[in-house]
Amino acid sequence: MPVAPLSQKEIEDRLAELPGWSADAGHLTRSYRLGTHFAATAMVVHIAQVQEELDHHSDLTLGYNTVSLTMNTHSVGGAITELDFQLAHRVEDLAPGHGAA
């Protein structure tokens with residue numbers, strides 16, 4: 001299914017449903033703090049599984065006890081699309097199970 005870039009208004013409306021997420025320089029971004037490095041690593045693995053399911057792979061950064069995502073859709077020239085928001089919602093759903101804040 002083809003995806004199309006979202007307008008700035010559509011992005012702002014969808015961000016209202018995702019506290020902690022922002023749109024910066026054409027990317028959807030969010031960082032999470034976790035209790036331990038192991039918890040952060042487990043969350044990265046879980047996110048990678050979701051990315052495979054959606055066939056949508058964001059930049060994913062693992063720190064000592066942090067996980068950061070930076071995403072946009074390369075197939076439409078690096079714009080933010082509905083696919084980015086689908087991934088963001090999936091990450092939000094799994095984050096509490098890893099103790100992410």
# chains A, B, ... in the order shown; residues from 1 in each chain; ligands from 1
>>> residues_around(residues="Leu34 of chain A", least_positions_apart="3", cutoff="9 Å", atoms="only C-alpha atoms", output="VMD selection string")
chain A and resid 37 to 40 64 to 67 98 to 101
>>> write_last_selection(atoms="N, CA and C atoms", output="PDB file, in the first residue's frame")
ATOM      1  N   HIS A  37      20.643  -0.903  31.690  1.00  0.00           N
ATOM      2  CA  HIS A  37      21.102  -1.133  30.322  1.00  0.00           C
ATOM      3  C   HIS A  37      20.423  -2.372  29.737  1.00  0.00           C
ATOM      4  N   PHE A  38      20.248  -3.395  30.542  1.00  0.00           N
ATOM      5  CA  PHE A  38      19.593  -4.609  30.063  1.00  0.00           C
ATOM      6  C   PHE A  38      18.159  -4.319  29.624  1.00  0.00           C
ATOM      7  N   ALA A  39      17.418  -3.520  30.410  1.00  0.00           N
ATOM      8  CA  ALA A  39      16.044  -3.167  30.046  1.00  0.00           C
ATOM      9  C   ALA A  39      16.021  -2.384  28.733  1.00  0.00           C
ATOM     10  N   ALA A  40      16.968  -1.474  28.551  1.00  0.00           N
ATOM     11  CA  ALA A  40      17.042  -0.701  27.308  1.00  0.00           C
ATOM     12  C   ALA A  40      17.341  -1.621  26.126  1.00  0.00           C
ATOM     13  N   TYR A  64      23.275   3.841  27.486  1.00  0.00           N
ATOM     14  CA  TYR A  64      23.427   3.043  28.705  1.00  0.00           C
ATOM     15  C   TYR A  64      22.062   2.620  29.260  1.00  0.00           C
ATOM     16  N   ASN A  65      21.182   3.588  29.444  1.00  0.00           N
ATOM     17  CA  ASN A  65      19.829   3.268  29.910  1.00  0.00           C
ATOM     18  C   ASN A  65      18.785   4.086  29.142  1.00  0.00           C
ATOM     19  N   THR A  66      19.087   4.349  27.866  1.00  0.00           N
ATOM     20  CA  THR A  66      18.166   5.110  27.024  1.00  0.00           C
ATOM     21  C   THR A  66      17.968   4.420  25.676  1.00  0.00           C
ATOM     22  N   VAL A  67      16.807   4.681  25.105  1.00  0.00           N
ATOM     23  CA  VAL A  67      16.478   4.230  23.757  1.00  0.00           C
ATOM     24  C   VAL A  67      15.914   5.447  23.030  1.00  0.00           C
ATOM     25  N   HIS A  98       8.496  -2.457  29.395  1.00  0.00           N
ATOM     26  CA  HIS A  98       9.943  -2.428  29.618  1.00  0.00           C
ATOM     27  C   HIS A  98      10.332  -1.433  30.703  1.00  0.00           C
ATOM     28  N   GLY A  99       9.337  -0.803  31.311  1.00  0.00           N
ATOM     29  CA  GLY A  99       9.595   0.178  32.352  1.00  0.00           C
ATOM     30  C   GLY A  99      10.110   1.494  31.814  1.00  0.00           C
ATOM     31  N   ALA A 100       9.815   1.785  30.558  1.00  0.00           N
ATOM     32  CA  ALA A 100      10.317   2.997  29.916  1.00  0.00           C
ATOM     33  C   ALA A 100       9.515   4.217  30.367  1.00  0.00           C
ATOM     34  N   ALA A 101      10.229   5.308  30.540  1.00  0.00           N
ATOM     35  CA  ALA A 101       9.580   6.576  30.891  1.00  0.00           C
ATOM     36  C   ALA A 101      10.054   7.659  29.953  1.00  0.00           C
TER      37      ALA A 101
END
>>> select_by_dssp(residues="chain A", states="alpha helix (DSSP H)", output="MDAnalysis selection string")
chainID A and resid 8:15 37:54 82:94
>>> write_last_selection(atoms="N, CA and C atoms", output="CSV table (one decimal), in the first residue's frame")
chain,number,residue,atom,x,y,z
A,8,GLN,N,1.7,19.3,7.6
A,8,GLN,CA,2.1,19.8,8.9
A,8,GLN,C,0.9,19.7,9.9
A,9,LYS,N,-0.3,20.1,9.4
A,9,LYS,CA,-1.5,20.0,10.3
A,9,LYS,C,-1.8,18.5,10.7
A,10,GLU,N,-1.7,17.6,9.7
A,10,GLU,CA,-1.9,16.2,10.0
A,10,GLU,C,-0.9,15.7,11.0
A,11,ILE,N,0.4,16.1,10.9
A,11,ILE,CA,1.4,15.7,11.8
A,11,ILE,C,1.1,16.3,13.2
A,12,GLU,N,0.8,17.5,13.3
A,12,GLU,CA,0.4,18.1,14.6
A,12,GLU,C,-0.7,17.4,15.2
A,13,ASP,N,-1.8,17.1,14.5
A,13,ASP,CA,-2.9,16.4,15.0
A,13,ASP,C,-2.6,15.1,15.5
A,14,ARG,N,-1.7,14.3,14.8
A,14,ARG,CA,-1.4,13.0,15.3
A,14,ARG,C,-0.4,13.0,16.5
A,15,LEU,N,0.4,14.1,16.5
A,15,LEU,CA,1.3,14.2,17.7
A,15,LEU,C,0.6,14.5,19.0
A,37,HIS,N,20.6,-0.9,31.7
A,37,HIS,CA,21.1,-1.1,30.3
A,37,HIS,C,20.4,-2.4,29.7
A,38,PHE,N,20.2,-3.4,30.5
A,38,PHE,CA,19.6,-4.6,30.1
A,38,PHE,C,18.2,-4.3,29.6
A,39,ALA,N,17.4,-3.5,30.4
A,39,ALA,CA,16.0,-3.2,30.0
A,39,ALA,C,16.0,-2.4,28.7
A,40,ALA,N,17.0,-1.5,28.6
A,40,ALA,CA,17.0,-0.7,27.3
A,40,ALA,C,17.3,-1.6,26.1
A,41,THR,N,18.2,-2.6,26.3
A,41,THR,CA,18.6,-3.5,25.3
A,41,THR,C,17.4,-4.4,24.9
A,42,ALA,N,16.7,-4.8,25.9
A,42,ALA,CA,15.5,-5.6,25.6
A,42,ALA,C,14.4,-4.8,24.8
A,43,MET,N,14.3,-3.6,25.2
A,43,MET,CA,13.3,-2.7,24.4
A,43,MET,C,13.7,-2.5,23.0
A,44,VAL,N,15.0,-2.4,22.8
A,44,VAL,CA,15.5,-2.2,21.4
A,44,VAL,C,15.2,-3.5,20.6
A,45,VAL,N,15.4,-4.6,21.2
A,45,VAL,CA,15.1,-5.9,20.4
A,45,VAL,C,13.6,-6.0,20.1
A,46,HIS,N,12.8,-5.6,21.1
A,46,HIS,CA,11.3,-5.6,20.9
A,46,HIS,C,10.9,-4.6,19.8
A,47,ILE,N,11.5,-3.4,19.8
A,47,ILE,CA,11.2,-2.5,18.7
A,47,ILE,C,11.6,-3.0,17.4
A,48,ALA,N,12.8,-3.7,17.3
A,48,ALA,CA,13.3,-4.2,16.1
A,48,ALA,C,12.3,-5.3,15.5
A,49,GLN,N,11.7,-6.1,16.4
A,49,GLN,CA,10.7,-7.0,16.0
A,49,GLN,C,9.4,-6.3,15.4
A,50,VAL,N,9.0,-5.2,16.0
A,50,VAL,CA,7.9,-4.5,15.5
A,50,VAL,C,8.2,-3.9,14.1
A,51,GLN,N,9.4,-3.4,14.0
A,51,GLN,CA,9.9,-2.8,12.7
A,51,GLN,C,9.8,-3.8,11.6
A,52,GLU,N,10.3,-5.0,11.9
A,52,GLU,CA,10.2,-6.1,10.9
A,52,GLU,C,8.8,-6.4,10.5
A,53,GLU,N,7.9,-6.5,11.5
A,53,GLU,CA,6.4,-6.7,11.2
A,53,GLU,C,5.9,-5.7,10.3
A,54,LEU,N,6.2,-4.4,10.5
A,54,LEU,CA,5.7,-3.3,9.7
A,54,LEU,C,6.5,-3.1,8.5
A,82,GLU,N,1.9,8.3,7.6
A,82,GLU,CA,1.1,7.5,8.5
A,82,GLU,C,1.9,6.3,9.0
A,83,LEU,N,2.8,5.7,8.2
A,83,LEU,CA,3.5,4.5,8.6
A,83,LEU,C,4.4,4.9,9.8
A,84,ASP,N,5.0,6.1,9.9
A,84,ASP,CA,5.8,6.5,11.0
A,84,ASP,C,4.9,6.5,12.3
A,85,PHE,N,3.7,7.0,12.2
A,85,PHE,CA,2.8,7.1,13.3
A,85,PHE,C,2.4,5.7,13.8
A,86,GLN,N,2.2,4.8,12.8
A,86,GLN,CA,1.8,3.4,13.2
A,86,GLN,C,3.0,2.8,14.0
A,87,LEU,N,4.2,3.0,13.6
A,87,LEU,CA,5.3,2.5,14.4
A,87,LEU,C,5.4,3.2,15.8
A,88,ALA,N,5.2,4.5,15.8
A,88,ALA,CA,5.3,5.2,17.1
A,88,ALA,C,4.2,4.7,18.0
A,89,HIS,N,3.0,4.5,17.6
A,89,HIS,CA,2.0,3.9,18.4
A,89,HIS,C,2.3,2.5,18.9
A,90,ARG,N,2.9,1.7,18.1
A,90,ARG,CA,3.3,0.4,18.5
A,90,ARG,C,4.4,0.5,19.6
A,91,VAL,N,5.3,1.4,19.4
A,91,VAL,CA,6.4,1.6,20.4
A,91,VAL,C,5.8,2.0,21.7
A,92,GLU,N,4.9,3.0,21.6
A,92,GLU,CA,4.2,3.5,22.9
A,92,GLU,C,3.5,2.3,23.6
A,93,ASP,N,2.9,1.4,22.9
A,93,ASP,CA,2.2,0.3,23.5
A,93,ASP,C,3.2,-0.7,24.2
A,94,LEU,N,4.4,-0.8,23.7
A,94,LEU,CA,5.3,-1.8,24.3
A,94,LEU,C,6.2,-1.2,25.4
>>> residues_around(residues="Gly26 of chain A", least_positions_apart="2", cutoff="9 Å", atoms="only C-alpha atoms", output="ChimeraX atom specification")
/A:23-24,28,71-72,78-80
>>> write_last_selection(atoms="N, CA and C atoms", output="short mmCIF file (atom, residue, chain, number, x, y, z; two decimals), in the first residue's frame")
data_model
loop_
_atom_site.label_atom_id
_atom_site.label_comp_id
_atom_site.auth_asym_id
_atom_site.auth_seq_id
_atom_site.Cartn_x
_atom_site.Cartn_y
_atom_site.Cartn_z
N ALA A 23 8.11 16.31 16.22
CA ALA A 23 8.52 16.32 14.82
C ALA A 23 9.59 17.39 14.70
N ASP A 24 10.81 16.96 14.39
CA ASP A 24 11.94 17.86 14.29
C ASP A 24 12.66 17.61 12.98
N LEU A 28 10.18 12.17 12.99
CA LEU A 28 9.42 11.92 14.20
C LEU A 28 10.41 11.35 15.21
N MET A 71 12.58 8.78 13.07
CA MET A 71 11.99 8.10 11.91
C MET A 71 11.37 9.06 10.92
N ASN A 72 11.40 8.60 9.69
CA ASN A 72 10.64 9.17 8.58
C ASN A 72 10.56 8.06 7.54
N GLY A 78 11.86 10.87 2.50
CA GLY A 78 12.22 11.23 3.87
C GLY A 78 11.18 12.07 4.58
N ALA A 79 9.94 12.02 4.14
CA ALA A 79 8.85 12.75 4.80
C ALA A 79 8.24 11.90 5.91
N ILE A 80 7.47 12.54 6.77
CA ILE A 80 6.72 11.83 7.81
C ILE A 80 5.41 11.36 7.21
#
>>> select_by_dssp(residues="chain A", states="strand (DSSP E)", output="MDAnalysis selection string")
chainID A and resid 22:24 27:33 59:62 66:71
>>> closest_residue(among="A:Pro19, A:Gly63, A:Pro96, A:Gly77", to="Ala4 of chain A", atoms="only C-alpha atoms")
A:Gly77
>>> atom_distance(atom1="atom CA of Ser68 of chain A", atom2="atom CA of Trp21 of chain A")
10.6 Å
>>> atom_distance(atom1="atom CA of Ser22 of chain A", atom2="atom CA of Pro2 of chain A")
23.9 Å
>>> closest_residue(among="A:Thr70, A:Val3, A:Ala95, A:Arg30", to="His57 of chain A", atoms="only C-alpha atoms")
A:Thr70
